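Student: Have a peek at query11.pdb (PDB, C-alpha atoms and all ligand atoms).
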ATOM      1  CA  MET I   1     -15.752   0.628 -10.868  1.00  0.00           C
ATOM      2  CA  ARG I   2     -12.735   1.655 -12.868  1.00  0.00           C
ATOM      3  CA  SER I   3      -9.562   0.016 -11.799  1.00  0.00           C
ATOM      4  CA  LEU I   4      -6.111  -0.500 -13.207  1.00  0.00           C
ATOM      5  CA  GLU I   5      -3.608  -3.046 -12.065  1.00  0.00           C
ATOM      6  CA  ILE I   6      -0.091  -1.766 -12.426  1.00  0.00           C
ATOM      7  CA  GLY I   7       2.460  -4.058 -13.962  1.00  0.00           C
ATOM      8  CA  LYS I   8       6.158  -3.477 -14.066  1.00  0.00           C
ATOM      9  CA  GLU I   9       7.336  -0.198 -12.646  1.00  0.00           C
ATOM     10  CA  SER I  10       9.074   0.696 -15.920  1.00  0.00           C
ATOM     11  CA  ARG I  11       5.786   0.329 -17.795  1.00  0.00           C
ATOM     12  CA  PHE I  12       3.994   2.388 -15.172  1.00  0.00           C
ATOM     13  CA  ARG I  13       6.525   5.196 -15.601  1.00  0.00           C
ATOM     14  CA  ARG I  14       5.556   5.483 -19.258  1.00  0.00           C
ATOM     15  CA  LEU I  15       1.848   5.494 -18.536  1.00  0.00           C
ATOM     16  CA  VAL I  16      -0.043   8.762 -19.038  1.00  0.00           C
ATOM     17  CA  LEU I  17      -2.460   9.375 -16.175  1.00  0.00           C
ATOM     18  CA  ARG I  18      -4.770  12.347 -16.263  1.00  0.00           C
ATOM     19  CA  ASP I  19      -5.697  13.968 -12.942  1.00  0.00           C
ATOM     20  CA  GLY I  20      -9.057  12.634 -11.844  1.00  0.00           C
ATOM     21  CA  SER I  21      -8.964   9.414 -13.848  1.00  0.00           C
ATOM     22  CA  PHE I  22      -8.317   7.532 -10.615  1.00  0.00           C
ATOM     23  CA  THR I  23      -8.905   8.727  -7.089  1.00  0.00           C
ATOM     24  CA  SER I  24      -7.606   5.973  -4.887  1.00  0.00           C
ATOM     25  CA  TYR I  25      -5.057   3.217  -4.883  1.00  0.00           C
ATOM     26  CA  GLN I  26      -4.170   0.042  -3.068  1.00  0.00           C
ATOM     27  CA  ILE I  27      -0.652  -1.154  -2.415  1.00  0.00           C
ATOM     28  CA  HIS I  28      -0.311  -4.888  -1.870  1.00  0.00           C
ATOM     29  CA  PHE I  29       2.823  -5.909  -0.045  1.00  0.00           C
ATOM     30  CA  ARG I  30       4.142  -8.502   2.327  1.00  0.00           C
ATOM     31  CA  LEU I  31       6.455  -8.714   5.275  1.00  0.00           C
ATOM     32  CA  ASP I  32       8.538 -11.866   5.588  1.00  0.00           C
ATOM     33  CA  SER I  33       9.090 -11.505   9.304  1.00  0.00           C
ATOM     34  CA  THR I  34       7.663  -9.604  12.246  1.00  0.00           C
ATOM     35  CA  PHE I  35       8.410  -5.920  11.882  1.00  0.00           C
ATOM     36  CA  ARG I  36       8.602  -3.595  14.865  1.00  0.00           C
ATOM     37  CA  VAL I  37       8.824   0.104  14.182  1.00  0.00           C
ATOM     38  CA  SER I  38       7.908   3.381  15.802  1.00  0.00           C
ATOM     39  CA  VAL I  39       5.396   5.077  13.486  1.00  0.00           C
ATOM     40  CA  GLY I  40       5.115   8.806  14.170  1.00  0.00           C
ATOM     41  CA  LYS I  41       2.479   9.615  16.758  1.00  0.00           C
ATOM     42  CA  LEU I  42       1.183   6.037  16.725  1.00  0.00           C
ATOM     43  CA  GLY I  43       4.307   5.024  18.622  1.00  0.00           C
ATOM     44  CA  ASN I  44       5.662   1.483  18.695  1.00  0.00           C
ATOM     45  CA  CYS I  45       3.855  -0.825  16.302  1.00  0.00           C
ATOM     46  CA  VAL I  46       4.222  -4.536  15.674  1.00  0.00           C
ATOM     47  CA  PHE I  47       3.373  -5.959  12.265  1.00  0.00           C
ATOM     48  CA  PRO I  48       3.137  -9.740  11.957  1.00  0.00           C
ATOM     49  CA  PRO I  49       4.549 -11.410   8.845  1.00  0.00           C
ATOM     50  CA  GLY I  50       2.156 -11.848   5.949  1.00  0.00           C
ATOM     51  CA  LYS I  51       0.283  -9.941   3.306  1.00  0.00           C
ATOM     52  CA  TYR I  52      -1.086  -6.443   3.650  1.00  0.00           C
ATOM     53  CA  VAL I  53      -3.162  -4.032   1.627  1.00  0.00           C
ATOM     54  CA  TYR I  54      -2.831  -0.301   2.150  1.00  0.00           C
ATOM     55  CA  THR I  55      -5.517   1.989   0.738  1.00  0.00           C
ATOM     56  CA  GLY I  56      -4.776   5.626  -0.004  1.00  0.00           C
ATOM     57  CA  SER I  57      -6.055   8.433  -2.172  1.00  0.00           C
ATOM     58  CA  ALA I  58      -4.573  11.014  -4.506  1.00  0.00           C
ATOM     59  CA  ARG I  59      -6.854  13.219  -6.544  1.00  0.00           C
ATOM     60  CA  ARG I  60      -3.894  14.774  -8.290  1.00  0.00           C
ATOM     61  CA  ASN I  61      -0.452  13.571  -9.233  1.00  0.00           C
ATOM     62  CA  MET I  62      -1.358   9.928  -8.743  1.00  0.00           C
ATOM     63  CA  LYS I  63       1.656   8.774 -10.640  1.00  0.00           C
ATOM     64  CA  SER I  64       4.210  10.619  -8.556  1.00  0.00           C
ATOM     65  CA  ARG I  65       2.422   9.485  -5.399  1.00  0.00           C
ATOM     66  CA  ILE I  66       2.726   5.851  -6.377  1.00  0.00           C
ATOM     67  CA  LEU I  67       6.344   6.222  -7.448  1.00  0.00           C
ATOM     68  CA  ARG I  68       7.059   7.871  -4.127  1.00  0.00           C
ATOM     69  CA  HIS I  69       5.505   4.923  -2.298  1.00  0.00           C
ATOM     70  CA  LEU I  70       7.716   2.554  -4.266  1.00  0.00           C
ATOM     71  CA  SER I  71      10.886   4.501  -3.563  1.00  0.00           C
ATOM     72  CA  ASN I  72      13.178   3.729  -0.654  1.00  0.00           C
ATOM     73  CA  ARG I  73      14.585   7.223  -0.708  1.00  0.00           C
ATOM     74  CA  LYS I  74      12.131   9.552   0.946  1.00  0.00           C
ATOM     75  CA  VAL I  75      11.515  11.580   4.037  1.00  0.00           C
ATOM     76  CA  LEU I  76       9.135   9.730   6.344  1.00  0.00           C
ATOM     77  CA  HIS I  77       5.803  11.528   6.153  1.00  0.00           C
ATOM     78  CA  TRP I  78       2.840   9.170   5.975  1.00  0.00           C
ATOM     79  CA  HIS I  79       2.432   6.162   8.254  1.00  0.00           C
ATOM     80  CA  ILE I  80       2.867   3.801   5.329  1.00  0.00           C
ATOM     81  CA  ASP I  81       6.314   5.295   4.639  1.00  0.00           C
ATOM     82  CA  TYR I  82       7.647   3.636   7.779  1.00  0.00           C
ATOM     83  CA  LEU I  83       6.745   0.249   6.343  1.00  0.00           C
ATOM     84  CA  LEU I  84       7.470   0.679   2.654  1.00  0.00           C
ATOM     85  CA  LYS I  85      10.829   2.276   3.222  1.00  0.00           C
ATOM     86  CA  SER I  86      12.043  -0.952   4.755  1.00  0.00           C
ATOM     87  CA  PRO I  87      13.563  -3.530   2.389  1.00  0.00           C
ATOM     88  CA  ARG I  88      11.543  -6.077   4.355  1.00  0.00           C
ATOM     89  CA  ALA I  89       8.346  -4.798   2.787  1.00  0.00           C
ATOM     90  CA  ARG I  90       7.960  -6.233  -0.697  1.00  0.00           C
ATOM     91  CA  VAL I  91       5.359  -4.718  -2.942  1.00  0.00           C
ATOM     92  CA  SER I  92       3.610  -7.302  -5.114  1.00  0.00           C
ATOM     93  CA  LYS I  93       1.160  -5.052  -6.912  1.00  0.00           C
ATOM     94  CA  VAL I  94      -0.488  -1.661  -6.980  1.00  0.00           C
ATOM     95  CA  VAL I  95      -4.086  -1.201  -8.088  1.00  0.00           C
ATOM     96  CA  LEU I  96      -5.558   2.176  -9.028  1.00  0.00           C
ATOM     97  CA  SER I  97      -9.271   2.728  -8.570  1.00  0.00           C
ATOM     98  CA  GLY I  98     -11.981   5.266  -9.252  1.00  0.00           C
ATOM     99  CA  MET I  99     -13.715   4.320  -6.028  1.00  0.00           C
ATOM    100  CA  GLU I 100     -13.657   6.561  -2.998  1.00  0.00           C
ATOM    101  CA  GLU I 101     -10.807   5.598  -0.666  1.00  0.00           C
ATOM    102  CA  CYS I 102     -12.784   4.646   2.442  1.00  0.00           C
ATOM    103  CA  ARG I 103     -15.371   2.690   0.479  1.00  0.00           C
ATOM    104  CA  LEU I 104     -12.610   0.752  -1.241  1.00  0.00           C
ATOM    105  CA  ASN I 105     -10.937   0.124   2.102  1.00  0.00           C
ATOM    106  CA  ARG I 106     -14.148  -1.184   3.663  1.00  0.00           C
ATOM    107  CA  LEU I 107     -14.702  -3.562   0.758  1.00  0.00           C
ATOM    108  CA  THR I 108     -11.256  -5.049   1.314  1.00  0.00           C
ATOM    109  CA  ASP I 109     -11.054  -8.183   3.414  1.00  0.00           C
ATOM    110  CA  GLY I 110      -8.521  -8.340   6.191  1.00  0.00           C
ATOM    111  CA  ARG I 111      -8.110  -7.356   9.777  1.00  0.00           C
ATOM    112  CA  VAL I 112      -6.721  -4.311  11.500  1.00  0.00           C
ATOM    113  CA  VAL I 113      -3.421  -4.873  13.287  1.00  0.00           C
ATOM    114  CA  VAL I 114      -2.605  -1.224  14.041  1.00  0.00           C
ATOM    115  CA  ARG I 115      -5.541   1.048  14.718  1.00  0.00           C
ATOM    116  CA  GLN I 116      -5.627   4.456  12.983  1.00  0.00           C
ATOM    117  CA  PHE I 117      -2.803   3.472  10.661  1.00  0.00           C
ATOM    118  CA  GLY I 118      -3.051   5.728   7.622  1.00  0.00           C
ATOM    119  CA  ALA I 119      -6.435   6.861   8.840  1.00  0.00           C
ATOM    120  CA  THR I 120      -5.769   9.990  10.868  1.00  0.00           C
ATOM    121  CA  ASP I 121      -7.773  12.027   8.336  1.00  0.00           C
ATOM    122  CA  CYS I 122     -10.432   9.363   7.852  1.00  0.00           C
ATOM    123  CA  LYS I 123     -13.929  10.597   8.670  1.00  0.00           C
ATOM    124  CA  ALA I 124     -15.683   7.395   7.663  1.00  0.00           C
ATOM    125  CA  GLY I 125     -14.624   5.439  10.730  1.00  0.00           C
ATOM    126  CA  CYS I 126     -12.519   2.853   8.910  1.00  0.00           C
ATOM    127  CA  GLY I 127     -10.338   2.342  11.955  1.00  0.00           C
ATOM    128  CA  SER I 128      -7.304   1.795   9.742  1.00  0.00           C
ATOM    129  CA  HIS I 129      -6.376   2.081   6.090  1.00  0.00           C
ATOM    130  CA  LEU I 130      -4.022  -0.859   6.422  1.00  0.00           C
ATOM    131  CA  LYS I 131      -5.516  -4.345   6.310  1.00  0.00           C
ATOM    132  CA  PHE I 132      -3.683  -7.500   7.262  1.00  0.00           C
ATOM    133  CA  ILE I 133      -4.599 -10.293   4.873  1.00  0.00           C
ATOM    134  CA  GLY I 134      -2.543 -12.973   6.594  1.00  0.00           C
ATOM    135  CA  GLU I 135      -0.272 -15.667   5.408  1.00  0.00           C
ATOM    136  CA  LYS I 136      -0.699 -17.701   2.261  1.00  0.00           C
ATOM    137  CA  LYS I 137       1.695 -20.409   1.288  1.00  0.00           C
ATOM    138  CA  THR I 138       1.156 -19.954  -2.440  1.00  0.00           C
ATOM    139  CA  ASN I 139       2.756 -17.308  -4.699  1.00  0.00           C
ATOM    140  CA  ARG I 140       6.064 -17.735  -2.953  1.00  0.00           C
ATOM    141  CA  ARG I 141       7.964 -17.160  -6.162  1.00  0.00           C
ATOM    142  CA  GLN I 142       6.407 -13.742  -6.703  1.00  0.00           C
ATOM    143  CA  THR I 143       7.649 -12.304  -3.487  1.00  0.00           C
ATOM    144  CA  LYS I 144      11.271 -13.353  -3.620  1.00  0.00           C
ATOM    145  CA  GLY I 145      14.022 -10.956  -4.508  1.00  0.00           C
ATOM    146  CA  ASN I 146      13.981  -7.212  -4.537  1.00  0.00           C
ATOM    147  CA  LYS I 147      10.770  -5.306  -3.992  1.00  0.00           C
ATOM    148  CA  HIS I 148      11.223  -3.731  -7.418  1.00  0.00           C
ATOM    149  CA  PRO I 149       9.899  -4.023 -10.001  1.00  0.00           C
ATOM    150  CA  VAL I 150       6.206  -4.046  -9.241  1.00  0.00           C
ATOM    151  CA  ARG I 151       4.619  -7.139 -10.665  1.00  0.00           C
ATOM    152  CA  ILE I 152       1.273  -8.227 -11.909  1.00  0.00           C
ATOM    153  CA  SER I 153       0.080 -11.059  -9.762  1.00  0.00           C
TER     154      SER I 153
HETATM  155 ZN    ZN I 201     -11.408   5.658   5.841  1.00  0.00          ZN
END
Please rewrite the model in this file as structure tokens.
Tutor:
Amino acid sequence: MRSLEIGKESRFRRLVLRDGSFTSYQIHFRLDSTFRVSVGKLGNCVFPPGKYVYTGSARRNMKSRILRHLSNRKVLHWHIDYLLKSPRARVSKVVLSGMEECRLNRLTDGRVVVRQFGATDCKAGCGSHLKFIGEKKTNRRQTKGNKHPVRIS
């Protein structure tokens, strides 16, 4: 499986990515406190504090998709936008992969806290494309401060 772990956002901006070199991506982030938000048609959702992994796909324009996810300035479109737009969500790393989105998601440990999150188009029965990893006491230093830049963990 091809995969690429993205380091600092500035380095990622300089990276040349051909369409098709990666098909899916995972965004690792954490919430420091319980987050309640109304997410489109899903309605009111409650996200416990801890680490999360969101799995998405982009067959084209991967780079702009990732940069959009990392930006606070955007129109809310995808479910994940409601989380990542908040300063309370701190991205720790982004990993690009050549694996099919749903397969990658299923291979990721974690539990579903909001059913159908990011999975309205999913035909593989994932249940959710957002996995809750839980709380870990380590790596505290990595998650302090602003959510930018993206860091290698
Ligand atoms: Zn799926």
Student: Enter the distance from CA of Cys122 (chain I) to CA of Arg73 (chain I), in Å, rounded to one decimal.
Tutor: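 Calculated distance between CA of Cys122 (chain I) and CA of Arg73 (chain I) is 26.5 Å.
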Student: Can you tell me which residues surround Gly110 (chain I) at a distance of at most 6 Å, considering all atoms listed in the file, apart from same-chain residues fewer than 3 positions away, and format the answer as a PyMOL selection string?
Tutor: chain I and resi 131-133
Student: For the structure shown, which residues end up in the PyMOL selection byres (((chain I and resi 89) around 10) and not hetatm)? Put them as number ranges by chain, please?
Tutor: I: 28-33, 35, 49-52, 82-88, 90-92, 143, 146-147
Student: Check every protein, DNA and RNA residue against ligand ZN 201 (chain I), keep those with an atom at most 10 Å away (counting all atoms listed in the file), and present them as a ChimeraX atom specification.
Tutor: /I:55-56,100-106,116,118-130
Student: Go through I:Val114, I:Val53, I:Leu67, I:Leu15 and flag the residue nearest Gly134 (chain I), using only C-alpha atoms for the distances.
Tutor: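 Smallest separation from Gly134 (chain I) among the options: I:Val53.
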Student: What does the distance between CA of His77 (chain I) and CA of Ile27 (chain I) come to in Å, to one decimal place?
Tutor: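 One can read the CA of His77 (chain I) to CA of Ile27 (chain I) distance as 16.6 Å.
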Student: For a quick check of understanding, using only C-alpha atoms, which of I:Val37, I:Met62, I:Leu76, I:Val113 has the smallest distance to Ser97 (chain I)?
Tutor: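 Under the stated criterion, the closest residue is I:Met62.
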Student: Given the point (-6.5, 4.6, -9.8) in the file's coordinates, find the residues that have an atom at most 9 Å from it, counting all atoms listed in the file, and give them as an mmCIF file with C-alpha atoms, keeping the file's coordinate frame.
Tutor:
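Generated file (selection_22.cif):
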data_model
loop_
_atom_site.group_PDB
_atom_site.id
_atom_site.type_symbol
_atom_site.label_atom_id
_atom_site.label_comp_id
_atom_site.auth_asym_id
_atom_site.auth_seq_id
_atom_site.Cartn_x
_atom_site.Cartn_y
_atom_site.Cartn_z
ATOM 1 C CA ARG I 2 -12.735 1.655 -12.868
ATOM 2 C CA SER I 3 -9.562 0.016 -11.799
ATOM 3 C CA LEU I 4 -6.111 -0.500 -13.207
ATOM 4 C CA GLU I 5 -3.608 -3.046 -12.065
ATOM 5 C CA LEU I 17 -2.460 9.375 -16.175
ATOM 6 C CA GLY I 20 -9.057 12.634 -11.844
ATOM 7 C CA SER I 21 -8.964 9.414 -13.848
ATOM 8 C CA PHE I 22 -8.317 7.532 -10.615
ATOM 9 C CA THR I 23 -8.905 8.727 -7.089
ATOM 10 C CA SER I 24 -7.606 5.973 -4.887
ATOM 11 C CA TYR I 25 -5.057 3.217 -4.883
ATOM 12 C CA GLN I 26 -4.170 0.042 -3.068
ATOM 13 C CA SER I 57 -6.055 8.433 -2.172
ATOM 14 C CA ALA I 58 -4.573 11.014 -4.506
ATOM 15 C CA MET I 62 -1.358 9.928 -8.743
ATOM 16 C CA VAL I 95 -4.086 -1.201 -8.088
ATOM 17 C CA LEU I 96 -5.558 2.176 -9.028
ATOM 18 C CA SER I 97 -9.271 2.728 -8.570
ATOM 19 C CA GLY I 98 -11.981 5.266 -9.252
ATOM 20 C CA MET I 99 -13.715 4.320 -6.028
#
Student: Specify the axis-aligned box that encloses all atoms of region 8-27 of chain I listed in the file after padding of 3 Å on each side, stating its centre and edge lengths in Å to one decimal as AutoDock Vina command-line options.
Tutor:
--center_x 0.0 --center_y 5.2 --center_z -10.8 --size_x 24.1 --size_y 23.4 --size_z 22.8
Student: Measure the distance from CA of Leu42 (chain I) to CA of Phe117 (chain I) in Å and round it to one decimal.
Tutor: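 Value for the CA of Leu42 (chain I)-CA of Phe117 (chain I) distance: 7.7 Å.
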Student: Which of these residues is nearest to Glu9 (chain I), using all atoms listed in the file: I:Arg36, I:Arg111, I:Lys93, I:Arg65?
Tutor: I:Lys93
Student: Pick out the closest residue to Gly40 (chain I) from this set: I:Arg18, I:Arg60, I:Arg13, I:His79. Count only C-alpha atoms.
Tutor: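 Looking only at the distances to Gly40 (chain I), the closest residue turns out to be I:His79.
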Student: Go through I:Ile80, I:Gly43, I:Tyr54, I:Arg11 one by one, measure the shortest atom-to-atom distance of each to Thr108 (chain I) using all atoms listed in the file, and give the residue with the smallest value.
Tutor: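 Closest candidate: I:Tyr54.
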Student: Taking N, CA and C atoms as the atom set, what does region 109-141 of chain I look like once completed, written as a PDB file, keeping the file's coordinate frame?
Tutor:
ATOM      1  N   ASP I 109     -11.123  -7.231   2.297  1.00  0.00           N
ATOM      2  CA  ASP I 109     -11.054  -8.183   3.414  1.00  0.00           C
ATOM      3  C   ASP I 109      -9.740  -8.013   4.161  1.00  0.00           C
ATOM      4  N   GLY I 110      -9.743  -8.416   5.404  1.00  0.00           N
ATOM      5  CA  GLY I 110      -8.521  -8.340   6.191  1.00  0.00           C
ATOM      6  C   GLY I 110      -8.836  -7.787   7.564  1.00  0.00           C
ATOM      7  N   ARG I 111      -7.864  -7.878   8.437  1.00  0.00           N
ATOM      8  CA  ARG I 111      -8.110  -7.356   9.777  1.00  0.00           C
ATOM      9  C   ARG I 111      -7.136  -6.237  10.109  1.00  0.00           C
ATOM     10  N   VAL I 112      -7.531  -5.452  11.082  1.00  0.00           N
ATOM     11  CA  VAL I 112      -6.721  -4.311  11.500  1.00  0.00           C
ATOM     12  C   VAL I 112      -5.703  -4.781  12.535  1.00  0.00           C
ATOM     13  N   VAL I 113      -4.436  -4.527  12.280  1.00  0.00           N
ATOM     14  CA  VAL I 113      -3.421  -4.873  13.287  1.00  0.00           C
ATOM     15  C   VAL I 113      -2.928  -3.632  14.035  1.00  0.00           C
ATOM     16  N   VAL I 114      -2.971  -2.475  13.369  1.00  0.00           N
ATOM     17  CA  VAL I 114      -2.605  -1.224  14.041  1.00  0.00           C
ATOM     18  C   VAL I 114      -3.722  -0.218  13.795  1.00  0.00           C
ATOM     19  N   ARG I 115      -4.416   0.123  14.859  1.00  0.00           N
ATOM     20  CA  ARG I 115      -5.541   1.048  14.718  1.00  0.00           C
ATOM     21  C   ARG I 115      -5.063   2.439  14.298  1.00  0.00           C
ATOM     22  N   GLN I 116      -5.865   3.082  13.478  1.00  0.00           N
ATOM     23  CA  GLN I 116      -5.627   4.456  12.983  1.00  0.00           C
ATOM     24  C   GLN I 116      -4.479   4.561  11.991  1.00  0.00           C
ATOM     25  N   PHE I 117      -3.914   3.421  11.606  1.00  0.00           N
ATOM     26  CA  PHE I 117      -2.803   3.472  10.661  1.00  0.00           C
ATOM     27  C   PHE I 117      -3.290   4.031   9.326  1.00  0.00           C
ATOM     28  N   GLY I 118      -2.680   5.117   8.896  1.00  0.00           N
ATOM     29  CA  GLY I 118      -3.051   5.728   7.622  1.00  0.00           C
ATOM     30  C   GLY I 118      -4.445   6.310   7.610  1.00  0.00           C
ATOM     31  N   ALA I 119      -5.030   6.445   8.784  1.00  0.00           N
ATOM     32  CA  ALA I 119      -6.435   6.861   8.840  1.00  0.00           C
ATOM     33  C   ALA I 119      -6.652   8.058   9.750  1.00  0.00           C
ATOM     34  N   THR I 120      -5.608   8.843   9.971  1.00  0.00           N
ATOM     35  CA  THR I 120      -5.769   9.990  10.868  1.00  0.00           C
ATOM     36  C   THR I 120      -6.751  11.013  10.303  1.00  0.00           C
ATOM     37  N   ASP I 121      -6.840  11.082   8.964  1.00  0.00           N
ATOM     38  CA  ASP I 121      -7.773  12.027   8.336  1.00  0.00           C
ATOM     39  C   ASP I 121      -9.106  11.375   7.979  1.00  0.00           C
ATOM     40  N   CYS I 122      -9.233  10.103   8.258  1.00  0.00           N
ATOM     41  CA  CYS I 122     -10.432   9.363   7.852  1.00  0.00           C
ATOM     42  C   CYS I 122     -11.639   9.789   8.682  1.00  0.00           C
ATOM     43  N   LYS I 123     -12.712  10.177   7.967  1.00  0.00           N
ATOM     44  CA  LYS I 123     -13.929  10.597   8.670  1.00  0.00           C
ATOM     45  C   LYS I 123     -15.018   9.543   8.542  1.00  0.00           C
ATOM     46  N   ALA I 124     -14.691   8.436   7.891  1.00  0.00           N
ATOM     47  CA  ALA I 124     -15.683   7.395   7.663  1.00  0.00           C
ATOM     48  C   ALA I 124     -15.632   6.301   8.730  1.00  0.00           C
ATOM     49  N   GLY I 125     -14.699   6.425   9.657  1.00  0.00           N
ATOM     50  CA  GLY I 125     -14.624   5.439  10.730  1.00  0.00           C
ATOM     51  C   GLY I 125     -14.045   4.094  10.323  1.00  0.00           C
ATOM     52  N   CYS I 126     -13.129   4.106   9.377  1.00  0.00           N
ATOM     53  CA  CYS I 126     -12.519   2.853   8.910  1.00  0.00           C
ATOM     54  C   CYS I 126     -11.713   2.150  10.011  1.00  0.00           C
ATOM     55  N   GLY I 127     -11.153   2.946  10.903  1.00  0.00           N
ATOM     56  CA  GLY I 127     -10.338   2.342  11.955  1.00  0.00           C
ATOM     57  C   GLY I 127      -8.877   2.235  11.551  1.00  0.00           C
ATOM     58  N   SER I 128      -8.655   1.904  10.283  1.00  0.00           N
ATOM     59  CA  SER I 128      -7.304   1.795   9.742  1.00  0.00           C
ATOM     60  C   SER I 128      -7.395   1.701   8.229  1.00  0.00           C
ATOM     61  N   HIS I 129      -6.418   2.236   7.544  1.00  0.00           N
ATOM     62  CA  HIS I 129      -6.376   2.081   6.090  1.00  0.00           C
ATOM     63  C   HIS I 129      -5.334   1.043   5.688  1.00  0.00           C
ATOM     64  N   LEU I 130      -4.916   0.266   6.688  1.00  0.00           N
ATOM     65  CA  LEU I 130      -4.022  -0.859   6.422  1.00  0.00           C
ATOM     66  C   LEU I 130      -4.719  -2.130   6.885  1.00  0.00           C
ATOM     67  N   LYS I 131      -4.865  -3.075   5.969  1.00  0.00           N
ATOM     68  CA  LYS I 131      -5.516  -4.345   6.310  1.00  0.00           C
ATOM     69  C   LYS I 131      -4.492  -5.471   6.220  1.00  0.00           C
ATOM     70  N   PHE I 132      -4.546  -6.327   7.227  1.00  0.00           N
ATOM     71  CA  PHE I 132      -3.683  -7.500   7.262  1.00  0.00           C
ATOM     72  C   PHE I 132      -4.448  -8.674   6.661  1.00  0.00           C
ATOM     73  N   ILE I 133      -3.918  -9.209   5.580  1.00  0.00           N
ATOM     74  CA  ILE I 133      -4.599 -10.293   4.873  1.00  0.00           C
ATOM     75  C   ILE I 133      -4.218 -11.647   5.462  1.00  0.00           C
ATOM     76  N   GLY I 134      -2.996 -11.716   6.007  1.00  0.00           N
ATOM     77  CA  GLY I 134      -2.543 -12.973   6.594  1.00  0.00           C
ATOM     78  C   GLY I 134      -1.537 -13.676   5.721  1.00  0.00           C
ATOM     79  N   GLU I 135      -1.304 -14.891   6.085  1.00  0.00           N
ATOM     80  CA  GLU I 135      -0.272 -15.667   5.408  1.00  0.00           C
ATOM     81  C   GLU I 135      -0.895 -16.630   4.427  1.00  0.00           C
ATOM     82  N   LYS I 136      -0.299 -16.692   3.244  1.00  0.00           N
ATOM     83  CA  LYS I 136      -0.699 -17.701   2.261  1.00  0.00           C
ATOM     84  C   LYS I 136       0.555 -18.380   1.775  1.00  0.00           C
ATOM     85  N   LYS I 137       0.484 -19.670   1.673  1.00  0.00           N
ATOM     86  CA  LYS I 137       1.695 -20.409   1.288  1.00  0.00           C
ATOM     87  C   LYS I 137       1.985 -20.307  -0.216  1.00  0.00           C
ATOM     88  N   THR I 138       0.966 -20.009  -0.988  1.00  0.00           N
ATOM     89  CA  THR I 138       1.156 -19.954  -2.440  1.00  0.00           C
ATOM     90  C   THR I 138       1.837 -18.651  -2.864  1.00  0.00           C
ATOM     91  N   ASN I 139       2.145 -18.519  -4.127  1.00  0.00           N
ATOM     92  CA  ASN I 139       2.756 -17.308  -4.699  1.00  0.00           C
ATOM     93  C   ASN I 139       4.104 -16.971  -4.088  1.00  0.00           C
ATOM     94  N   ARG I 140       4.771 -17.946  -3.577  1.00  0.00           N
ATOM     95  CA  ARG I 140       6.064 -17.735  -2.953  1.00  0.00           C
ATOM     96  C   ARG I 140       7.049 -17.094  -3.938  1.00  0.00           C
ATOM     97  N   ARG I 141       7.014 -17.598  -5.154  1.00  0.00           N
ATOM     98  CA  ARG I 141       7.964 -17.160  -6.162  1.00  0.00           C
ATOM     99  C   ARG I 141       7.860 -15.656  -6.420  1.00  0.00           C
TER     100      ARG I 141
END
